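Reading through the structure tokens given below for one structure.
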Amino acid sequence: MKRIAIVGVGLIGGSFALALKANGFKGEIVGAGRSATRLQVAQDLGVIDRFETDLAEAVRGCELVLLAVPMGAMRSTLLALRSGLSDETIITDAGSVKGSFVADVRSVLANCARVVPGHPIAGTENSGVEAAFATLYQGRRVILTPLKESESSAVTAVQALWQQTGAQVECLAVEHHDRVLAATSHLPHLLAFSLVDTLTELQEREEIFRYAAGGFRDFSRIASSDPRMWRDISLANQEALLAVLGHFQANLSQLAESIRQRDGEAIEQRFQRAKLSRDGFC
Ligand code: NAD
């Protein structure tokens, strides 16, 4: 490809650009977003080659556009860039929820044959272009959720670019992706935010945080993630997230009941099952 555009040059979009450059991509990478000051930082860091704050201008003449803005900004971003697209421009995204992106793109574009939704299963709790790094996708999975009308040439092109970042690409159906990610990513973030918030409300909070050790740090790391981004993800994946949260609440209630009944065997059995699962997949 000779030219691609990245809309939203933060952790995910910036790392995509850096990874491509580190792995021999020779085309031009145009950054796009709202703030010229922030985009100038991205250019100074060598993440993008040039930038535009007019999104339609940014994508004009590009063979591919990656949207890496928060879920709640996908629709307005698509509306703003639409007039710069040609029939050939491939549109992909890195959003954490696929159902809402597909609804957004279908409501904005009449023809979705060149649309290939995607989601890199990689990230950190840090945000912004300063947090971006070239090896973020190395050996990590990227899930594509092609639409029934997505042209195979577009899917192949998106797949090839992600592979160039060092990622392994797999395809899933949209609903399947959202159910699986609700359980493996969205629920854990919700629990981390809720746990730290609960402890913050307790009177002994200063002692709690002073004496917190490695276990608490491990469990709570992702509560340092961007609250707005996770607000958008929680709302965008409402149905699947509430379903898995219901299962979790039932499990936690059973555990509380076992503790109330002093039923050590039931507690140990539950912990044993969990340990076996985790030891198995890690
Ligand atoms: P980030 O905050 O680092 O970057 C987001 C970028 O979008 C920034 O450049 C910001 O200026 C821009 N932006 C924010 N609001 C905007 C708006 N209203 N209009 C236009 N631009 C706007 O966030 P990130 O971690 O790079 O996440 C980007 C996308 O990738 C999100 O959709 C997120 O769900 C998804 N994602 C994140 C992770 C992760 O772990 N951080 C992992 C996989 C996918």
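In the structure tokens, chains take the letters A, B, ... in the order shown, each chain's residues start at 1, and ligands count up from 1 in the order shown.
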
Every residue of stretch 48-253 of chain A that DSSP places in strand (DSSP E), as a tab-separated table (two decimals) with all heavy atoms, in the first residue's frame:
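So states09.tsv came out as:
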chain	number	residue	atom	x	y	z
A	50	ARG	N	2.59	12.52	8.34
A	50	ARG	CA	1.97	13.86	8.33
A	50	ARG	C	0.58	13.73	8.94
A	50	ARG	O	0.15	12.60	9.26
A	50	ARG	CB	1.91	14.45	6.92
A	50	ARG	CG	1.04	13.70	5.96
A	50	ARG	CD	1.02	14.39	4.59
A	50	ARG	NE	0.26	13.62	3.62
A	50	ARG	CZ	-1.05	13.72	3.44
A	50	ARG	NH1	-1.78	14.54	4.15
A	50	ARG	NH2	-1.67	12.97	2.54
A	51	PHE	N	-0.12	14.85	9.11
A	51	PHE	CA	-1.44	14.74	9.73
A	51	PHE	C	-2.42	15.75	9.16
A	51	PHE	O	-2.02	16.75	8.54
A	51	PHE	CB	-1.35	14.89	11.25
A	51	PHE	CG	-0.86	16.23	11.74
A	51	PHE	CD1	-1.74	17.30	11.87
A	51	PHE	CD2	0.47	16.42	12.06
A	51	PHE	CE1	-1.30	18.54	12.33
A	51	PHE	CE2	0.92	17.66	12.51
A	51	PHE	CZ	0.04	18.72	12.66
A	52	GLU	N	-3.69	15.47	9.40
A	52	GLU	CA	-4.79	16.35	8.99
A	52	GLU	C	-5.81	16.36	10.12
A	52	GLU	O	-6.05	15.31	10.75
A	52	GLU	CB	-5.53	15.79	7.75
A	52	GLU	CG	-4.71	15.66	6.50
A	52	GLU	CD	-4.61	16.97	5.73
A	52	GLU	OE1	-5.29	17.94	6.12
A	52	GLU	OE2	-3.84	17.01	4.75
A	64	LEU	N	-6.36	2.52	2.59
A	64	LEU	CA	-6.98	1.92	3.78
A	64	LEU	C	-7.06	2.95	4.90
A	64	LEU	O	-6.17	3.78	5.06
A	64	LEU	CB	-6.14	0.71	4.24
A	64	LEU	CG	-6.59	-0.01	5.50
A	64	LEU	CD1	-6.46	-1.53	5.34
A	64	LEU	CD2	-5.81	0.44	6.74
A	65	VAL	N	-8.15	2.86	5.66
A	65	VAL	CA	-8.34	3.73	6.82
A	65	VAL	C	-8.57	2.86	8.05
A	65	VAL	O	-9.43	1.97	8.03
A	65	VAL	CB	-9.58	4.64	6.62
A	65	VAL	CG1	-9.80	5.52	7.85
A	65	VAL	CG2	-9.45	5.48	5.36
A	66	LEU	N	-7.77	3.09	9.10
A	66	LEU	CA	-7.97	2.39	10.38
A	66	LEU	C	-8.58	3.37	11.36
A	66	LEU	O	-7.99	4.42	11.63
A	66	LEU	CB	-6.64	1.87	10.94
A	66	LEU	CG	-6.72	1.31	12.36
A	66	LEU	CD1	-7.33	-0.10	12.38
A	66	LEU	CD2	-5.36	1.28	13.05
A	67	LEU	N	-9.73	3.03	11.92
A	67	LEU	CA	-10.33	3.86	12.96
A	67	LEU	C	-9.91	3.32	14.32
A	67	LEU	O	-10.20	2.16	14.64
A	67	LEU	CB	-11.86	3.81	12.87
A	67	LEU	CG	-12.51	4.79	11.89
A	67	LEU	CD1	-12.27	4.35	10.47
A	67	LEU	CD2	-14.00	4.89	12.16
A	90	ILE	N	-10.49	0.81	1.70
A	90	ILE	CA	-10.82	-0.23	2.70
A	90	ILE	C	-10.95	0.46	4.06
A	90	ILE	O	-10.11	1.27	4.43
A	90	ILE	CB	-9.69	-1.28	2.75
A	90	ILE	CG1	-9.59	-2.01	1.40
A	90	ILE	CG2	-9.93	-2.28	3.89
A	90	ILE	CD1	-8.34	-2.85	1.26
A	91	ILE	N	-12.02	0.11	4.77
A	91	ILE	CA	-12.23	0.71	6.10
A	91	ILE	C	-12.18	-0.40	7.13
A	91	ILE	O	-12.90	-1.41	7.03
A	91	ILE	CB	-13.60	1.41	6.18
A	91	ILE	CG1	-13.63	2.56	5.18
A	91	ILE	CG2	-13.87	1.96	7.59
A	91	ILE	CD1	-14.92	2.70	4.53
A	92	THR	N	-11.31	-0.22	8.13
A	92	THR	CA	-11.24	-1.19	9.22
A	92	THR	C	-11.17	-0.41	10.53
A	92	THR	O	-11.08	0.82	10.52
A	92	THR	CB	-10.05	-2.16	9.04
A	92	THR	OG1	-10.13	-3.17	10.05
A	92	THR	CG2	-8.71	-1.45	9.14
A	93	ASP	N	-11.28	-1.11	11.63
A	93	ASP	CA	-11.22	-0.43	12.93
A	93	ASP	C	-10.53	-1.33	13.93
A	93	ASP	O	-10.24	-2.50	13.64
A	93	ASP	CB	-12.63	-0.07	13.44
A	93	ASP	CG	-13.35	-1.27	14.02
A	93	ASP	OD1	-13.41	-2.31	13.33
A	93	ASP	OD2	-13.82	-1.20	15.16
A	115	VAL	N	-15.64	-2.79	3.97
A	115	VAL	CA	-15.51	-2.65	5.43
A	115	VAL	C	-15.11	-3.99	6.03
A	115	VAL	O	-15.74	-5.02	5.76
A	115	VAL	CB	-16.84	-2.17	6.07
A	115	VAL	CG1	-16.72	-2.14	7.59
A	115	VAL	CG2	-17.22	-0.80	5.53
A	116	VAL	N	-14.06	-3.99	6.85
A	116	VAL	CA	-13.59	-5.21	7.53
A	116	VAL	C	-13.36	-4.86	9.01
A	116	VAL	O	-12.28	-4.38	9.37
A	116	VAL	CB	-12.27	-5.73	6.90
A	116	VAL	CG1	-11.85	-7.05	7.56
A	116	VAL	CG2	-12.39	-5.88	5.40
A	118	GLY	N	-12.32	-5.04	12.88
A	118	GLY	CA	-11.24	-5.81	13.52
A	118	GLY	C	-11.04	-5.38	14.96
A	118	GLY	O	-11.55	-4.35	15.40
A	119	HIS	N	-10.29	-6.22	15.69
A	119	HIS	CA	-10.01	-5.91	17.11
A	119	HIS	C	-8.71	-6.59	17.53
A	119	HIS	O	-8.65	-7.82	17.61
A	119	HIS	CB	-11.19	-6.41	17.99
A	119	HIS	CG	-10.93	-6.23	19.45
A	119	HIS	ND1	-11.52	-7.02	20.41
A	119	HIS	CD2	-10.17	-5.34	20.14
A	119	HIS	CE1	-11.11	-6.63	21.61
A	119	HIS	NE2	-10.30	-5.61	21.47
A	120	PRO	N	-7.67	-5.80	17.80
A	120	PRO	CA	-6.43	-6.41	18.31
A	120	PRO	C	-6.59	-6.78	19.78
A	120	PRO	O	-7.03	-5.94	20.58
A	120	PRO	CB	-5.40	-5.29	18.14
A	120	PRO	CG	-6.19	-4.02	18.17
A	120	PRO	CD	-7.56	-4.33	17.67
A	141	ARG	N	-3.04	-11.84	19.22
A	141	ARG	CA	-4.11	-12.16	18.27
A	141	ARG	C	-4.84	-10.89	17.83
A	141	ARG	O	-5.05	-9.98	18.64
A	141	ARG	CB	-5.13	-13.09	18.90
A	141	ARG	CG	-4.65	-14.51	19.00
A	141	ARG	CD	-5.79	-15.46	19.27
A	141	ARG	NE	-5.31	-16.82	19.19
A	141	ARG	CZ	-4.66	-17.43	20.18
A	141	ARG	NH1	-4.44	-16.81	21.31
A	141	ARG	NH2	-4.25	-18.67	20.03
A	142	VAL	N	-5.24	-10.89	16.57
A	142	VAL	CA	-6.15	-9.85	16.07
A	142	VAL	C	-7.36	-10.58	15.50
A	142	VAL	O	-7.20	-11.52	14.71
A	142	VAL	CB	-5.48	-8.98	14.99
A	142	VAL	CG1	-6.51	-8.08	14.31
A	142	VAL	CG2	-4.37	-8.14	15.59
A	143	ILE	N	-8.54	-10.19	15.96
A	143	ILE	CA	-9.76	-10.84	15.47
A	143	ILE	C	-10.42	-9.94	14.42
A	143	ILE	O	-10.67	-8.76	14.68
A	143	ILE	CB	-10.75	-11.09	16.63
A	143	ILE	CG1	-10.11	-12.00	17.67
A	143	ILE	CG2	-12.04	-11.72	16.09
A	143	ILE	CD1	-10.95	-12.22	18.90
A	144	LEU	N	-10.67	-10.50	13.24
A	144	LEU	CA	-11.44	-9.79	12.22
A	144	LEU	C	-12.85	-10.38	12.22
A	144	LEU	O	-13.02	-11.59	12.40
A	144	LEU	CB	-10.81	-9.94	10.83
A	144	LEU	CG	-9.36	-9.46	10.68
A	144	LEU	CD1	-8.90	-9.61	9.22
A	144	LEU	CD2	-9.21	-8.01	11.13
A	168	GLN	N	-1.14	-12.45	14.94
A	168	GLN	CA	-1.78	-13.61	14.32
A	168	GLN	C	-3.25	-13.25	14.11
A	168	GLN	O	-3.91	-12.85	15.07
A	168	GLN	CB	-1.72	-14.82	15.24
A	168	GLN	CG	-0.33	-15.28	15.58
A	168	GLN	CD	-0.34	-16.23	16.77
A	168	GLN	OE1	-1.38	-16.70	17.21
A	168	GLN	NE2	0.84	-16.48	17.31
A	169	VAL	N	-3.74	-13.44	12.90
A	169	VAL	CA	-5.10	-12.99	12.59
A	169	VAL	C	-6.07	-14.17	12.56
A	169	VAL	O	-5.76	-15.21	11.98
A	169	VAL	CB	-5.12	-12.25	11.23
A	169	VAL	CG1	-6.53	-11.77	10.91
A	169	VAL	CG2	-4.15	-11.07	11.27
A	170	GLU	N	-7.23	-13.99	13.21
A	170	GLU	CA	-8.29	-15.00	13.18
A	170	GLU	C	-9.60	-14.30	12.86
A	170	GLU	O	-9.74	-13.11	13.12
A	170	GLU	CB	-8.41	-15.70	14.54
A	170	GLU	CG	-7.18	-16.51	14.89
A	170	GLU	CD	-7.28	-17.17	16.26
A	170	GLU	OE1	-8.39	-17.27	16.79
A	170	GLU	OE2	-6.21	-17.53	16.78
A	171	CYS	N	-10.57	-15.06	12.34
A	171	CYS	CA	-11.88	-14.47	12.05
A	171	CYS	C	-12.94	-15.07	12.97
A	171	CYS	O	-12.91	-16.26	13.27
A	171	CYS	CB	-12.27	-14.73	10.60
A	171	CYS	SG	-11.32	-13.73	9.44

Quiz prompt | Who sits within 10 Å of A:Lys26, only C-alpha atoms, same chain under 6 positions skipped, as number ranges by chain | solution = A: 1-3, 20

So that each row is one residue of stretch 86-184 of chain A with an atom at most 7 Å from stretch 221-239 of chain A, can you give its shortest atom pair and the distance in Å to one decimal, using only C-alpha atoms, rows by chain and rising number, as JSON lines?
{"residue": "A:Ser96", "atom": "CA", "partner": "A:Ile233", "partner_atom": "CA", "distance": 6.7}
{"residue": "A:Val97", "atom": "CA", "partner": "A:Asn237", "partner_atom": "CA", "distance": 6.2}
{"residue": "A:Ser100", "atom": "CA", "partner": "A:Ala236", "partner_atom": "CA", "distance": 5.8}
{"residue": "A:Glu125", "atom": "CA", "partner": "A:Ser225", "partner_atom": "CA", "distance": 4.3}
{"residue": "A:Asn126", "atom": "CA", "partner": "A:Ser225", "partner_atom": "CA", "distance": 6.2}
{"residue": "A:Ser127", "atom": "CA", "partner": "A:Asp226", "partner_atom": "CA", "distance": 6.9}
{"residue": "A:Asp178", "atom": "CA", "partner": "A:Asn237", "partner_atom": "CA", "distance": 6.8}

How would the residues just picked look written out with N, CA and C atoms as a short mmCIF file (atom, residue, chain, number, x, y, z; two decimals), in the first residue's frame?
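So the final result, stored in part_15.cif, reads:
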data_model
loop_
_atom_site.label_atom_id
_atom_site.label_comp_id
_atom_site.auth_asym_id
_atom_site.auth_seq_id
_atom_site.Cartn_x
_atom_site.Cartn_y
_atom_site.Cartn_z
N SER A 96 -13.09 -2.22 20.50
CA SER A 96 -13.18 -3.41 21.36
C SER A 96 -14.52 -4.12 21.26
N VAL A 97 -15.54 -3.48 20.65
CA VAL A 97 -16.85 -4.11 20.50
C VAL A 97 -17.20 -4.08 19.01
N SER A 100 -21.49 -2.90 17.84
CA SER A 100 -21.83 -1.47 17.76
C SER A 100 -21.09 -0.80 16.61
N GLU A 125 -2.72 -0.53 30.15
CA GLU A 125 -3.62 0.38 30.87
C GLU A 125 -3.31 1.85 30.55
N ASN A 126 -2.30 2.09 29.67
CA ASN A 126 -1.91 3.46 29.35
C ASN A 126 -2.58 3.93 28.06
N SER A 127 -2.72 5.23 27.94
CA SER A 127 -3.40 5.80 26.76
C SER A 127 -2.51 6.86 26.11
N ASP A 178 -18.29 -10.55 20.47
CA ASP A 178 -18.73 -9.68 21.57
C ASP A 178 -19.04 -10.48 22.83
#

Exercise. Please write out the residues within 6 Å of ligand 1 as a ChimeraX atom specification, counting only C-alpha atoms and all ligand atoms.
Key: /A:8-13,33-34,68-71,73,94-96,119-124,127-128

Keeping only C-alpha atoms, write the selected residues as a compact mmCIF listing (two decimals), in the first residue's frame.
# COMPACT_ATOMS: atom_id res chain seq x y z
CA GLY A 8 -7.15 8.33 16.42
CA VAL A 9 -3.37 8.15 16.91
CA GLY A 10 -3.31 6.91 20.51
CA LEU A 11 -1.99 3.70 22.06
CA ILE A 12 -3.65 1.38 19.55
CA GLY A 13 -3.45 3.50 16.37
CA GLY A 33 -7.85 13.44 14.71
CA ARG A 34 -9.25 16.48 16.46
CA ALA A 68 -8.76 3.72 16.42
CA VAL A 69 -10.97 6.18 18.31
CA PRO A 70 -13.09 5.33 21.39
CA MET A 71 -16.28 3.31 20.66
CA ALA A 73 -16.73 8.37 18.70
CA ALA A 94 -9.61 -1.52 16.18
CA GLY A 95 -12.64 -1.04 18.45
CA SER A 96 -13.18 -3.41 21.36
CA HIS A 119 -10.01 -5.91 17.11
CA PRO A 120 -6.43 -6.41 18.31
CA ILE A 121 -6.35 -8.45 21.52
CA ALA A 122 -3.49 -6.40 22.86
CA GLY A 123 -3.21 -3.27 24.93
CA THR A 124 -2.02 -1.76 28.17
CA SER A 127 -3.40 5.80 26.76
CA GLY A 128 -2.20 8.31 24.20

Exercise. List the neighbours of stretch 45-48 of chain A out to 7 Å using only C-alpha atoms; skip same-chain residues closer than 3 positions along the sequence, and give me the result as a PyMOL selection string.
Key: chain A and resi 14+17-18+29-31+41-42

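Taking only C-alpha atoms into account, A:Lys98 lies nearest to A:Pro146 out of the set A:Pro146, A:Leu202, A:Ala131, A:Leu242.
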
Exercise. Go ahead and compute the interatomic distance for atom CA of A:Cys282 and atom CA of A:Pro117, in Å to one decimal.
Key: 28.0 Å

Exercise. Determine which residues of stretch 220-278 of chain A receive a DSSP assignment of alpha helix (DSSP H), computed from the backbone, and state them as a ChimeraX atom specification.
Key: /A:220,227-236,238-260,264-278

Self-check item: Who sits within 8 Å of stretch 112-114 of chain A, only C-alpha atoms, same chain under 6 positions skipped, as a list in words
Solution: Asp87, Glu88, Thr89, Ile90, Ile91, Val105, Arg106, Leu147, Glu149, Ser150, Glu151 and Ala154 of chain A

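Separating atom CA of A:Leu81 from atom CA of A:Ile4 is a distance of 13.5 Å.
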
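In this model, the gap between atom CA of A:Phe281 and atom CA of A:Ala256 comes to 26.2 Å.
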
Exercise. Using only C-alpha atoms, determine which residues lie at most 9 Å from A:Asp104, disregarding the query and same-chain residues fewer than 3 positions distant; provide the list as a list in words.
Key: Met74, Arg75, Ser76, Leu78, Gly99, Ser100, Phe101, Ser107, Val108 and Leu109 of chain A

Let me see the file: selected residues, all heavy atoms, as an mmCIF file, in the first residue's frame.
data_model
loop_
_atom_site.group_PDB
_atom_site.id
_atom_site.type_symbol
_atom_site.label_atom_id
_atom_site.label_comp_id
_atom_site.auth_asym_id
_atom_site.auth_seq_id
_atom_site.Cartn_x
_atom_site.Cartn_y
_atom_site.Cartn_z
ATOM 1 N N MET A 74 -17.000 6.462 17.175
ATOM 2 C CA MET A 74 -16.904 5.795 15.860
ATOM 3 C C MET A 74 -17.882 6.409 14.844
ATOM 4 O O MET A 74 -17.503 6.733 13.719
ATOM 5 C CB MET A 74 -17.197 4.291 15.994
ATOM 6 C CG MET A 74 -16.119 3.504 16.703
ATOM 7 S SD MET A 74 -14.624 3.365 15.702
ATOM 8 C CE MET A 74 -13.631 2.285 16.744
ATOM 9 N N ARG A 75 -19.145 6.586 15.265
ATOM 10 C CA ARG A 75 -20.152 7.026 14.296
ATOM 11 C C ARG A 75 -19.857 8.448 13.803
ATOM 12 O O ARG A 75 -19.876 8.713 12.595
ATOM 13 C CB ARG A 75 -21.561 6.932 14.901
ATOM 14 C CG ARG A 75 -22.639 7.172 13.879
ATOM 15 C CD ARG A 75 -24.034 6.792 14.370
ATOM 16 N NE ARG A 75 -24.955 6.832 13.247
ATOM 17 C CZ ARG A 75 -25.504 7.941 12.781
ATOM 18 N NH1 ARG A 75 -25.248 9.101 13.352
ATOM 19 N NH2 ARG A 75 -26.319 7.905 11.729
ATOM 20 N N SER A 76 -19.563 9.364 14.730
ATOM 21 C CA SER A 76 -19.305 10.751 14.313
ATOM 22 C C SER A 76 -18.041 10.815 13.460
ATOM 23 O O SER A 76 -17.931 11.619 12.522
ATOM 24 C CB SER A 76 -19.199 11.667 15.534
ATOM 25 O OG SER A 76 -18.163 11.228 16.374
ATOM 26 N N LEU A 78 -16.949 8.395 11.419
ATOM 27 C CA LEU A 78 -17.319 7.893 10.087
ATOM 28 C C LEU A 78 -18.063 8.964 9.292
ATOM 29 O O LEU A 78 -17.808 9.162 8.095
ATOM 30 C CB LEU A 78 -18.189 6.642 10.219
ATOM 31 C CG LEU A 78 -17.443 5.352 10.593
ATOM 32 C CD1 LEU A 78 -18.406 4.310 11.162
ATOM 33 C CD2 LEU A 78 -16.717 4.785 9.364
ATOM 34 N N GLY A 99 -20.248 -5.423 17.431
ATOM 35 C CA GLY A 99 -21.655 -5.209 17.070
ATOM 36 C C GLY A 99 -21.972 -3.726 16.910
ATOM 37 O O GLY A 99 -22.627 -3.317 15.946
ATOM 38 N N SER A 100 -21.489 -2.896 17.837
ATOM 39 C CA SER A 100 -21.834 -1.474 17.762
ATOM 40 C C SER A 100 -21.094 -0.800 16.608
ATOM 41 O O SER A 100 -21.633 0.085 15.950
ATOM 42 C CB SER A 100 -21.545 -0.767 19.094
ATOM 43 O OG SER A 100 -20.177 -0.573 19.261
ATOM 44 N N PHE A 101 -19.855 -1.251 16.310
ATOM 45 C CA PHE A 101 -19.154 -0.668 15.159
ATOM 46 C C PHE A 101 -19.900 -1.012 13.867
ATOM 47 O O PHE A 101 -20.072 -0.161 12.992
ATOM 48 C CB PHE A 101 -17.701 -1.158 15.071
ATOM 49 C CG PHE A 101 -17.001 -0.648 13.833
ATOM 50 C CD1 PHE A 101 -16.614 0.683 13.738
ATOM 51 C CD2 PHE A 101 -16.775 -1.476 12.746
ATOM 52 C CE1 PHE A 101 -16.007 1.184 12.583
ATOM 53 C CE2 PHE A 101 -16.174 -0.999 11.588
ATOM 54 C CZ PHE A 101 -15.785 0.337 11.512
ATOM 55 N N SER A 107 -25.050 2.398 9.444
ATOM 56 C CA SER A 107 -25.929 3.578 9.471
ATOM 57 C C SER A 107 -25.304 4.758 8.710
ATOM 58 O O SER A 107 -26.004 5.702 8.368
ATOM 59 C CB SER A 107 -26.235 3.983 10.919
ATOM 60 O OG SER A 107 -25.096 4.590 11.499
ATOM 61 N N VAL A 108 -23.994 4.696 8.448
ATOM 62 C CA VAL A 108 -23.323 5.833 7.802
ATOM 63 C C VAL A 108 -23.010 5.548 6.324
ATOM 64 O O VAL A 108 -23.136 6.437 5.482
ATOM 65 C CB VAL A 108 -22.014 6.196 8.556
ATOM 66 C CG1 VAL A 108 -21.209 7.245 7.814
ATOM 67 C CG2 VAL A 108 -22.334 6.678 9.971
ATOM 68 N N LEU A 109 -22.595 4.308 6.014
ATOM 69 C CA LEU A 109 -22.175 3.989 4.644
ATOM 70 C C LEU A 109 -23.235 3.148 3.938
ATOM 71 O O LEU A 109 -23.711 2.150 4.501
ATOM 72 C CB LEU A 109 -20.849 3.223 4.643
ATOM 73 C CG LEU A 109 -19.644 3.912 5.305
ATOM 74 C CD1 LEU A 109 -18.402 3.035 5.159
ATOM 75 C CD2 LEU A 109 -19.382 5.284 4.703
#

Quiz prompt | Residue nearest A:Gln43 among A:Val158, A:Val129, A:Leu85, A:Leu55 (counting only C-alpha atoms) | solution = A:Val129

Quiz prompt | Nearest to A:Gln249 by atom-to-atom distance, counting only C-alpha atoms, from A:Leu172, A:Ala160, A:Cys62, A:Leu191 | solution = A:Leu191

Quiz item: If you count only C-alpha atoms, which residues fall within 9 Å of A:Leu181, apart from same-chain ones fewer than 4 positions away, as an MDAnalysis selection string?
Solution: chainID A and resid 96:97 176:177 185:187 240:241

Self-check item: Contact residues around A:Thr53 with only C-alpha atoms at 10 Å, ignoring same-chain residues under 4 positions, as number ranges by chain
Solution: A: 7, 31-36, 39, 57-58
